[in-house]
Amino acid sequence: MSVDPYSHWHPDQSSGPALAQRLDRLARRLLPGGVTALMIVILAAPSGIPGATALLPGLVMSSVFFWSVWRPASMSAPVVFLIGLLMDLIGFAPLGVDAFVLLLLHGIAVHTRFGLMGLSFLAIWVVFSVLAAAACWLLWLLISVLSLNAMPTAPAVFETLLAVGIYPPMAAAGSWLHRRVWNPEPQA
């Protein structure tokens, strides 16, 4: 006696809502990484804005940290790796350096996320500041070692200060996006 595996399916049933729900979930999941990658491409493009590429490390670190804490499924390790490779290809760092440092930042953020989620914004900002400083100095060290030349320290200091200063507006934008996309208000 065999059982028909398609006995529960009827051709007149529409799979529209199920497909729409899956596409909606996919879009929500790809949004943080996609916005971060788009930010990298826009700021790296020749736009005539002075110092636009200097914003990249701080913006990307802020984005990776924020989304790794609040939506780690949307900012997964493969996404962070691809964002890091994009940074390496667009920037002047040796291939894999930004990807490695961003993966470390992501791993620490994901590992400590439950402790961070209970802290105030100021405490999270302090934690991010320490991690961003460590990440910037690790980037400086890796680039210096791989180029066999001690790089100037001023860019590392500048990137650290920029990352620390840019986190509050990035976190505010991320919080707004998080509320609008993952917790939308019911429509009347």
# chains A, B, ... in the order shown; residues from 1 in each chain; ligands from 1

$ residues_around --residues "segment 70-86 of chain A" --least-positions-apart "5" --cutoff "6 Å" --atoms "only C-alpha atoms" --output "number ranges by chain"
A: 29, 98-99

$ residues_around --residues "His178 of chain A" --least-positions-apart "5" --cutoff "10 Å" --atoms "only C-alpha atoms" --output "compact mmCIF listing (two decimals) with all heavy atoms, in the first residue's frame"
# COMPACT_ATOMS: atom_id res chain seq x y z
N ARG A 28 14.40 41.28 4.26
CA ARG A 28 14.73 41.78 5.60
C ARG A 28 16.09 41.26 6.05
O ARG A 28 16.86 41.97 6.69
CB ARG A 28 13.68 41.35 6.62
CG ARG A 28 12.38 42.06 6.46
CD ARG A 28 11.35 41.50 7.42
NE ARG A 28 10.02 41.94 7.06
CZ ARG A 28 9.16 42.39 7.93
NH1 ARG A 28 9.46 42.44 9.20
NH2 ARG A 28 7.97 42.77 7.54
N PRO A 32 20.60 44.72 6.05
CA PRO A 32 21.79 45.33 6.68
C PRO A 32 23.07 45.15 5.86
O PRO A 32 23.82 46.11 5.67
CB PRO A 32 21.89 44.62 8.03
CG PRO A 32 20.51 44.17 8.31
CD PRO A 32 19.92 43.82 6.97
N TRP A 67 24.59 45.73 13.74
CA TRP A 67 23.73 44.64 13.25
C TRP A 67 24.15 43.29 13.81
O TRP A 67 23.31 42.39 13.94
CB TRP A 67 23.71 44.63 11.72
CG TRP A 67 23.00 45.82 11.17
CD1 TRP A 67 23.56 46.84 10.48
CD2 TRP A 67 21.61 46.14 11.32
NE1 TRP A 67 22.60 47.77 10.17
CE2 TRP A 67 21.39 47.36 10.67
CE3 TRP A 67 20.53 45.50 11.93
CZ2 TRP A 67 20.15 47.96 10.61
CZ3 TRP A 67 19.28 46.10 11.87
CH2 TRP A 67 19.10 47.31 11.22
N TRP A 70 22.24 43.39 17.24
CA TRP A 70 20.79 43.43 17.23
C TRP A 70 20.14 42.48 16.24
O TRP A 70 19.01 42.04 16.45
CB TRP A 70 20.30 44.86 16.98
CG TRP A 70 20.74 45.76 18.08
CD1 TRP A 70 21.76 46.67 18.05
CD2 TRP A 70 20.25 45.80 19.43
NE1 TRP A 70 21.91 47.27 19.27
CE2 TRP A 70 20.99 46.76 20.13
CE3 TRP A 70 19.23 45.11 20.10
CZ2 TRP A 70 20.76 47.05 21.47
CZ3 TRP A 70 19.01 45.42 21.43
CH2 TRP A 70 19.76 46.38 22.10
N ARG A 71 20.79 42.14 15.15
CA ARG A 71 20.25 41.20 14.16
C ARG A 71 21.38 40.35 13.59
O ARG A 71 21.76 40.48 12.43
CB ARG A 71 19.57 41.95 13.02
CG ARG A 71 18.21 42.46 13.32
CD ARG A 71 17.22 41.33 13.34
NE ARG A 71 15.98 41.82 13.90
CZ ARG A 71 14.98 41.05 14.21
NH1 ARG A 71 15.05 39.76 14.00
NH2 ARG A 71 13.89 41.54 14.73
N ALA A 171 24.01 54.22 14.88
CA ALA A 171 23.14 53.43 15.76
C ALA A 171 21.72 53.99 15.75
O ALA A 171 20.75 53.21 15.79
CB ALA A 171 23.70 53.41 17.18
N ALA A 172 21.58 55.30 15.69
CA ALA A 172 20.24 55.90 15.63
C ALA A 172 19.54 55.51 14.32
O ALA A 172 18.37 55.12 14.34
CB ALA A 172 20.34 57.41 15.75
N ALA A 173 20.26 55.58 13.22
CA ALA A 173 19.68 55.17 11.93
C ALA A 173 19.37 53.68 11.93
O ALA A 173 18.32 53.25 11.44
CB ALA A 173 20.64 55.52 10.79
N ASN A 183 9.78 45.51 13.25
CA ASN A 183 8.63 45.70 14.12
C ASN A 183 7.73 46.79 13.56
O ASN A 183 7.52 47.82 14.20
CB ASN A 183 9.09 46.11 15.54
CG ASN A 183 9.94 45.04 16.18
OD1 ASN A 183 9.68 43.87 16.03
ND2 ASN A 183 10.96 45.47 16.89
N PRO A 184 7.18 46.58 12.37
CA PRO A 184 6.36 47.64 11.78
C PRO A 184 5.08 47.84 12.58
O PRO A 184 4.54 46.89 13.17
CB PRO A 184 6.08 47.14 10.38
CG PRO A 184 6.22 45.67 10.45
CD PRO A 184 7.24 45.41 11.53

$ residues_around --residues "Pro169 of chain A" --least-positions-apart "6" --cutoff "10 Å" --atoms "only C-alpha atoms" --output "JSON, numbers by chain"
{"A": [59, 62, 175]}

$ residues_around --residues "Val157 of chain A" --least-positions-apart "2" --cutoff "12 Å" --atoms "only C-alpha atoms" --output "compact mmCIF listing (two decimals) with N, CA, C and O atoms, in the first residue's frame"
# COMPACT_ATOMS: atom_id res chain seq x y z
N GLY A 58 35.04 53.62 9.61
CA GLY A 58 34.16 53.90 10.75
C GLY A 58 32.73 53.50 10.49
O GLY A 58 32.06 52.91 11.35
N ALA A 132 36.44 49.33 18.53
CA ALA A 132 36.85 50.04 17.32
C ALA A 132 38.32 50.47 17.40
O ALA A 132 39.05 50.38 16.41
N ALA A 133 38.74 50.93 18.57
CA ALA A 133 40.15 51.29 18.74
C ALA A 133 41.04 50.07 18.52
O ALA A 133 42.05 50.14 17.82
N ALA A 134 40.65 48.96 19.12
CA ALA A 134 41.43 47.72 18.94
C ALA A 134 41.45 47.30 17.48
O ALA A 134 42.49 46.89 16.96
N ALA A 135 40.31 47.41 16.80
CA ALA A 135 40.24 47.02 15.39
C ALA A 135 41.10 47.93 14.52
O ALA A 135 41.82 47.45 13.63
N CYS A 136 41.05 49.23 14.77
CA CYS A 136 41.86 50.17 13.97
C CYS A 136 43.36 49.92 14.18
O CYS A 136 44.14 49.95 13.22
N TRP A 137 43.75 49.68 15.41
CA TRP A 137 45.17 49.43 15.67
C TRP A 137 45.60 48.07 15.15
O TRP A 137 46.74 47.90 14.71
N LEU A 138 44.69 47.09 15.16
CA LEU A 138 45.02 45.80 14.57
C LEU A 138 45.17 45.95 13.06
O LEU A 138 46.09 45.35 12.47
N LEU A 139 44.30 46.72 12.43
CA LEU A 139 44.46 47.00 11.00
C LEU A 139 45.82 47.64 10.72
O LEU A 139 46.53 47.25 9.78
N TRP A 140 46.18 48.65 11.53
CA TRP A 140 47.46 49.31 11.35
C TRP A 140 48.60 48.31 11.48
O TRP A 140 49.54 48.30 10.67
N PRO A 152 52.42 55.12 9.10
CA PRO A 152 52.19 56.24 10.02
C PRO A 152 51.00 55.93 10.94
O PRO A 152 50.04 55.28 10.53
N THR A 153 51.09 56.40 12.17
CA THR A 153 50.03 56.10 13.14
C THR A 153 48.86 57.07 13.06
O THR A 153 47.78 56.76 13.57
N ALA A 154 49.04 58.20 12.43
CA ALA A 154 47.97 59.20 12.36
C ALA A 154 46.69 58.66 11.72
O ALA A 154 45.59 58.92 12.23
N PRO A 155 46.75 57.88 10.63
CA PRO A 155 45.51 57.34 10.08
C PRO A 155 44.77 56.40 11.05
O PRO A 155 43.54 56.39 11.08
N GLU A 159 41.04 57.11 12.17
CA GLU A 159 39.98 56.11 11.96
C GLU A 159 39.30 55.75 13.28
O GLU A 159 38.09 55.55 13.31
N THR A 160 40.08 55.64 14.35
CA THR A 160 39.50 55.33 15.66
C THR A 160 38.54 56.43 16.10
O THR A 160 37.40 56.16 16.49
N LEU A 161 38.99 57.68 16.03
CA LEU A 161 38.15 58.80 16.44
C LEU A 161 36.91 58.92 15.55
O LEU A 161 35.81 59.21 16.04
N LEU A 162 37.09 58.69 14.28
CA LEU A 162 35.96 58.76 13.36
C LEU A 162 34.96 57.64 13.64
O LEU A 162 33.74 57.89 13.66
N ALA A 163 35.42 56.43 13.89
CA ALA A 163 34.52 55.32 14.19
C ALA A 163 33.75 55.58 15.47
O ALA A 163 32.53 55.34 15.54
N VAL A 164 34.44 56.09 16.49
CA VAL A 164 33.79 56.39 17.77
C VAL A 164 32.75 57.50 17.58
O VAL A 164 31.64 57.43 18.12

$ closest_residue --among "A:Ala27, A:Ile40, A:Val130, A:Met61" --to "His106 of chain A" --atoms "only C-alpha atoms"
A:Met61

$ atom_distance --atom1 "atom CA of Met170 of chain A" --atom2 "atom CA of Ser63 of chain A"
6.9 Å
